[in-house]
Every structure is written in structure tokens, then in C-alpha cells.
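For reference, upload_11.txt is printed below; it contains compact mmCIF, C-alpha atoms.
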# COMPACT_ATOMS: atom_id res chain seq x y z
CA MET A 1 0.00 0.00 0.00
CA GLU A 2 2.88 2.36 0.76
CA THR A 3 4.14 2.03 -2.80
CA ILE A 4 0.78 3.11 -4.22
CA ILE A 5 0.76 6.13 -1.92
CA VAL A 6 4.29 7.09 -3.01
CA LEU A 7 3.33 6.62 -6.67
CA VAL A 8 0.21 8.80 -6.40
CA ILE A 9 1.91 11.55 -4.35
CA ALA A 10 4.88 11.66 -6.74
CA LEU A 11 2.57 11.73 -9.79
CA LEU A 12 0.50 14.59 -8.39
CA GLY A 13 3.64 16.40 -7.21
CA PHE A 14 5.34 16.22 -10.61
CA ARG A 15 2.17 17.23 -12.42
CA THR A 16 1.73 20.17 -10.04
CA LEU A 17 5.27 21.26 -10.87
CA GLY A 18 4.30 21.12 -14.54
CA ALA A 19 1.25 23.27 -13.89
CA LEU A 20 3.48 25.75 -12.07
CA GLY A 21 5.70 26.09 -15.13
CA VAL A 22 8.38 23.40 -14.80
CA SER A 23 8.57 22.43 -18.46
CA ARG A 24 9.86 18.91 -17.80
CA PHE A 25 6.53 17.88 -16.24
CA THR A 26 4.06 19.41 -18.70
CA SER A 27 2.29 16.14 -19.47
CA TRP A 28 0.73 13.37 -17.43
CA PRO A 29 2.78 10.57 -19.12
CA ILE A 30 6.09 12.33 -18.37
CA SER A 31 4.98 12.88 -14.78
CA ALA A 32 3.90 9.23 -14.60
CA ALA A 33 7.31 8.04 -15.81
CA HIS A 34 9.07 10.10 -13.15
CA ALA A 35 6.60 9.04 -10.44
CA MET A 36 7.13 5.40 -11.38
CA ALA A 37 10.89 5.97 -11.10
CA VAL A 38 10.46 7.36 -7.57
CA MET A 39 8.26 4.44 -6.54
CA VAL A 40 10.59 1.85 -8.08
CA VAL A 41 13.65 3.31 -6.33
CA MET A 42 11.77 3.10 -3.03
CA ALA A 43 10.68 -0.49 -3.69
CA ALA A 44 14.09 -1.54 -5.02
CA SER A 45 15.83 -0.25 -1.91
CA ALA A 46 14.14 -3.03 0.08
CA HIS A 47 16.09 -5.58 -1.97
CA PHE A 48 19.30 -4.41 -0.32
CA VAL A 49 18.16 -3.55 3.24
CA PRO A 50 19.48 -6.00 5.88
CA ALA A 51 17.06 -8.01 8.01
CA SER A 52 18.03 -6.00 11.09
CA VAL A 53 16.18 -3.00 9.65
CA THR A 54 12.54 -3.30 10.64
CA VAL A 55 11.10 0.11 9.76
CA MET A 56 10.59 -0.95 6.15
CA PRO A 57 10.46 -4.17 4.14
CA ASN A 58 13.88 -5.76 3.89
CA HIS A 59 15.82 -8.34 1.91
CA ALA A 60 14.67 -11.22 4.13
CA ASP A 61 11.01 -10.27 3.60
CA LEU A 62 11.47 -10.41 -0.15
CA VAL A 63 13.37 -13.73 -0.07
CA ARG A 64 10.39 -15.31 1.77
CA MET A 65 8.14 -14.20 -1.11
CA VAL A 66 10.09 -16.20 -3.71
CA PRO A 67 8.36 -19.51 -4.50
CA PRO A 68 10.40 -22.57 -3.37
CA VAL A 69 10.76 -23.80 -6.97
CA VAL A 70 12.94 -20.78 -7.82
CA PRO A 71 16.61 -21.55 -7.12
CA PHE A 72 18.99 -19.04 -5.53
CA ALA A 73 16.22 -16.86 -4.09
CA ASP A 74 18.77 -14.64 -2.37
CA ALA A 75 20.56 -13.85 -5.65
CA VAL A 76 17.24 -13.43 -7.48
CA ILE A 77 16.21 -10.71 -5.02
CA TYR A 78 19.48 -8.83 -5.51
CA ALA A 79 19.22 -9.19 -9.31
CA THR A 80 15.64 -7.92 -9.45
CA GLY A 81 16.64 -4.99 -7.24
CA VAL A 82 19.37 -4.04 -9.70
CA LEU A 83 16.96 -4.42 -12.64
CA GLU A 84 14.43 -2.19 -10.90
CA LEU A 85 17.06 0.50 -10.25
CA LEU A 86 18.19 0.37 -13.88
CA GLY A 87 14.56 0.66 -14.99
CA ALA A 88 14.02 3.66 -12.73
CA ALA A 89 17.08 5.40 -14.16
CA GLY A 90 15.89 4.60 -17.68
CA LEU A 91 12.49 6.18 -17.03
CA ILE A 92 14.11 9.53 -16.24
CA ILE A 93 16.09 9.68 -19.50
CA ALA A 94 13.79 10.45 -22.44
CA ARG A 95 15.76 8.39 -24.98
CA SER A 96 15.60 5.24 -22.83
CA ARG A 97 12.12 5.80 -21.39
CA ARG A 98 10.30 3.51 -23.82
CA ALA A 99 12.70 0.59 -23.33
CA ALA A 100 12.75 1.12 -19.56
CA GLY A 101 8.97 1.30 -19.24
CA ILE A 102 8.42 -1.81 -21.34
CA SER A 103 11.20 -3.65 -19.48
CA LEU A 104 9.72 -2.72 -16.10
CA ALA A 105 6.26 -3.85 -17.26
CA VAL A 106 7.74 -7.21 -18.29
CA LEU A 107 9.59 -7.44 -14.96
CA PHE A 108 6.35 -6.72 -13.07
CA VAL A 109 4.64 -9.53 -15.01
CA LEU A 110 7.51 -11.89 -14.17
CA LEU A 111 7.28 -10.91 -10.48
CA LEU A 112 3.54 -11.61 -10.32
CA PRO A 113 3.98 -15.32 -9.41
CA ALA A 114 5.99 -14.29 -6.33
CA ASN A 115 3.17 -11.97 -5.29
CA VAL A 116 0.59 -14.71 -5.85
CA TYR A 117 2.71 -17.20 -3.90
CA ALA A 118 3.16 -14.76 -1.01
CA ALA A 119 -0.59 -14.15 -0.82
CA VAL A 120 -1.63 -17.80 -1.12
CA ALA A 121 1.09 -19.06 1.27
CA ASP A 122 0.23 -16.24 3.69
CA VAL A 123 3.82 -14.95 3.75
CA PRO A 124 4.07 -12.01 6.19
CA PHE A 125 5.66 -8.84 4.89
CA ASN A 126 7.47 -6.27 7.00
CA GLY A 127 6.25 -7.87 10.21
CA GLY A 128 2.60 -7.48 9.23
CA GLU A 129 0.02 -9.77 7.76
CA ALA A 130 0.27 -10.97 4.18
CA SER A 131 -1.49 -8.83 1.61
CA PRO A 132 -4.56 -10.58 0.22
CA LEU A 133 -4.49 -11.83 -3.37
CA TRP A 134 -7.43 -9.61 -4.34
CA PHE A 135 -5.20 -6.62 -3.56
CA ARG A 136 -1.85 -7.83 -4.91
CA ILE A 137 -2.95 -8.59 -8.47
CA PRO A 138 -4.70 -5.24 -9.12
CA GLU A 139 -1.73 -3.48 -7.49
CA GLN A 140 0.66 -5.21 -9.89
CA ALA A 141 -1.66 -4.39 -12.82
CA LEU A 142 -1.57 -0.73 -11.77
CA TYR A 143 2.24 -0.72 -11.84
CA ILE A 144 2.28 -2.33 -15.28
CA ALA A 145 -0.22 0.22 -16.59
CA VAL A 146 1.68 3.22 -15.20
CA ALA A 147 5.02 1.91 -16.53
CA LEU A 148 3.47 1.58 -20.00
CA TRP A 149 1.67 4.93 -19.71
CA GLY A 150 5.01 6.59 -19.03
CA THR A 151 6.37 5.24 -22.32
CA ARG A 152 3.92 7.46 -24.20
CA SER A 153 6.19 10.40 -23.40
CA ALA A 154 9.25 8.77 -24.97
CA PRO A 155 10.57 9.87 -28.35
CA HIS A 156 9.42 7.54 -31.11
CA GLY A 157 11.93 5.19 -32.66
CA TRP A 158 15.41 4.33 -31.58
CA PRO A 159 17.63 7.28 -32.51
CA ALA A 160 20.84 5.29 -32.24
CA PHE A 161 19.60 2.87 -34.88
CA SER A 162 17.59 5.23 -37.05
CA ARG A 163 17.64 4.37 -40.73
CA SER A 164 15.52 7.24 -41.92
CA ARG A 165 16.47 9.02 -45.11
CA ARG A 166 17.29 12.17 -43.13
CA ALA A 167 19.97 10.27 -41.22
CA TRP A 168 21.82 9.64 -44.48
CA PRO A 169 22.01 12.81 -46.59
CA GLU A 170 22.27 11.99 -50.23
CA SER A 171 24.96 13.38 -52.47
CA ALA A 172 26.94 12.25 -55.47
CA GLU A 173 29.49 10.59 -53.17
CA THR A 174 26.96 8.90 -50.88
CA PRO A 175 24.80 6.18 -52.40
CA ASN A 176 21.11 6.00 -51.54
CA ARG A 177 20.92 3.39 -48.77
CA LEU A 178 17.56 2.19 -50.01
CA GLU A 179 18.74 1.42 -53.56
CA PRO A 180 21.29 -1.16 -54.67
CA GLU A 181 24.83 0.17 -54.64
CA ARG A 182 26.17 1.48 -57.94
CA ASP A 183 29.64 2.29 -59.09
CA LEU A 184 30.46 5.95 -58.39
CA SER A 185 34.10 5.78 -59.52
CA SER A 186 33.38 7.11 -63.03
CA ARG A 187 32.26 10.49 -61.65

Encoded form (C-alpha cells):
Amino acid sequence: METIIVLVIALLGFRTLGALGVSRFTSWPISAAHAMAVMVVMAASAHFVPASVTVMPNHADLVRMVPPVVPFADAVIYATGVLELLGAAGLIIARSRRAAGISLAVLFVLLLPANVYAAVADVPFNGGEASPLWFRIPEQALYIAVALWGTRSAPHGWPAFSRSRRAWPESAETPNRLEPERDLSSR
């Protein structure tokens, strides 16, 4: 529940900044991408917090959520924490926002079985009761939707791999990349 609160407060905060004239946050999708980044950094931090810390979810809480069929649960938690942090950083950078949002959405889908397992097996989280399944699945769906919504603010295409005609100005010395090569040595 805390993650939803952080997501909503960050979204409204960034959008308010946009309304007050901060040009970076002039649209809801851009604000959503940044809010998702804030929420993901908060959630990812739990992957690295030692069990002795009890004021927030910690690494041990997350390891208990991993279904027993998944090997190396400890390493999986660290790896997903790193992936979440990379995704959060990618959401902030416009050129990587689309890839980051889609990657986070895929990661959230892949993490859904752990959330289902934790709810069905009644795994406690942060010293409290387990979240019910009816809450966990819509919560995960919300995160997927916001991650994808944030991608709407990303530039279209992949600039580093652009093959548009504008990327290759034509001249007598440069062949048209869309036509078969021809001999230019006679010119």
C-alpha cells in the first residue's frame, strides 16, 4: 500500500510542478514516468536492506516471497533490485524511457507469481500480515499500466539505430541506402 501512496503523491507532485511552469513535467505521461521511477527506487531499496532494519520491508522479507521452486532466491532478489534500479534510471532519460517502461512492465509480469505465492502461502511482509491476493494482483496491474503509460512520453523510434532518409544525406558521393549500390568511380 505504501508504494501506491508514493506513486500517487509523486505523480500529483510532478504534475503540479508542470502546472506551475516546470517544463519537464508538462504532461501526465512524463509525470507518470518520473513518479514510477520514484516508486521503483523506493521499492528496489528493500532488496538491499538487511534483516536488522525493521522500519521498512527488507531483503529477508522479499526472499520469503520467492516460491520454493525458484533456485537461488537470495541472488534473485538482488538481481531484481538491480533491474528495478536500472529501470528507474531509464524512465528519467527520455531516450531510454520507452525501453525502460516496457522492461519494467515485463519485470512486473515476471514478479507476479511471487506476489501470488506470497498471498496464497500467507507470507508475512514487514512484520505485518500478508497482503490478500485480491489486492496484490490489481496493485501489480496498476504498476504495469503506469510503466506503459510513461512510455507514451518517450521519443518515437530508436535514434541510435535510425535508418531514416534524413539520417543519411544523399549526395553524389553517398549512395542511396535504399537502392542497390552502384559504381560511383566514373564520376

Checklist entry - Hey, what's within 10 Å of A:Asp122 if we count only C-alpha atoms and toss same-chain stuff fewer than 6 positions away? As a list in words, please? => result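 Listing them by chain and then by number gives Met65, Val116, Glu129, Ala130, Ser131, Pro132 and Leu133 of chain A.
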
Checklist entry - Counting only C-alpha atoms, which of A:Val40, A:Ile144, A:Val76, A:Ala94 gets nearest to A:Glu2? => result A:Val40

Checklist entry - Given the choices A:Gly127, A:Gly13, A:Gly21, A:Gly150, which gets closest to A:Ala88 if the distance is worked out from only C-alpha atoms? => result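 Of A:Gly127, A:Gly13, A:Gly21, A:Gly150, the one nearest A:Ala88, counting only C-alpha atoms, is A:Gly150.
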
Checklist entry - Which one is closest to A:Met1: A:Val70, A:Leu148, A:Pro138, A:Ser153? Count all atoms listed in the file. => result A:Pro138

Next on the checklist: Please list, as a list in words, the residues that have an atom at most 8 Å away from (10.8, 1.0, -10.4) in the coordinates of this file, counting all atoms listed in the file.
Outcome noted: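 Collected hits near the coordinates: Met36, Ala37, Val38, Met39, Val40, Val41, Met42, Ala43, Ala44, Glu84, Leu85, Gly87, Ala88 and Leu104 of chain A.
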
Skipping near chain neighbours, those fewer than 2 positions away, what residues fall within 8 Å of A:Phe108 using all atoms listed in the file, listed as an mmCIF file with C-alpha atoms, in the frame of the given file?
data_model
loop_
_atom_site.group_PDB
_atom_site.id
_atom_site.type_symbol
_atom_site.label_atom_id
_atom_site.label_comp_id
_atom_site.auth_asym_id
_atom_site.auth_seq_id
_atom_site.Cartn_x
_atom_site.Cartn_y
_atom_site.Cartn_z
ATOM 1 C CA LEU A 104 9.720 -2.720 -16.100
ATOM 2 C CA ALA A 105 6.260 -3.850 -17.260
ATOM 3 C CA VAL A 106 7.740 -7.210 -18.290
ATOM 4 C CA LEU A 110 7.510 -11.890 -14.170
ATOM 5 C CA LEU A 111 7.280 -10.910 -10.480
ATOM 6 C CA LEU A 112 3.540 -11.610 -10.320
ATOM 7 C CA GLN A 140 0.660 -5.210 -9.890
ATOM 8 C CA TYR A 143 2.240 -0.720 -11.840
ATOM 9 C CA ILE A 144 2.280 -2.330 -15.280
#

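Counting all atoms listed in the file and comparing A:Pro29, A:Trp134, A:Thr151, A:Ala119, the residue that lies closest to A:Gly90 is A:Thr151.
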
Checklist entry - atom CA of A:Phe48 to atom CA of A:Ala114: how many Å, to one decimal? => result 17.6 Å

Checklist entry - Pick from A:Leu17, A:Asn126, A:Ala154, A:Ala145: nearest to A:Ser52, with all atoms listed in the file counted? => result A:Asn126

Checklist entry - A:Ala35, A:Val82, A:Ile30, A:Val53: which is nearest A:Leu7, counting all atoms listed in the file? => result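 Closest to A:Leu7 of all the choices is A:Ala35.
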
Checklist outcome for this item: note - atom CA of A:Arg97 and atom CA of A:Val146 are separated by 12.4 Å

Next on the checklist: So that I can see what lies close to A:Phe125, please list as a count of residues only the residues with an atom at most 12 Å from it, counting all atoms listed in the file and leaving out residues fewer than 6 positions away in the same chain.
Outcome noted: 20

Checklist entry - How far is it from atom CA of A:Val49 to atom CA of A:Pro71, in Å with one decimal? => result 20.8 Å

Next on the checklist: Applying 12 Å and all atoms listed in the file, which residues near A:Arg152 remain after dropping the ones on its own chain fewer than 3 positions away? List them as a PyMOL selection string.
Outcome noted: chain A and resi 27-33+91+94-102+145-149+155-157
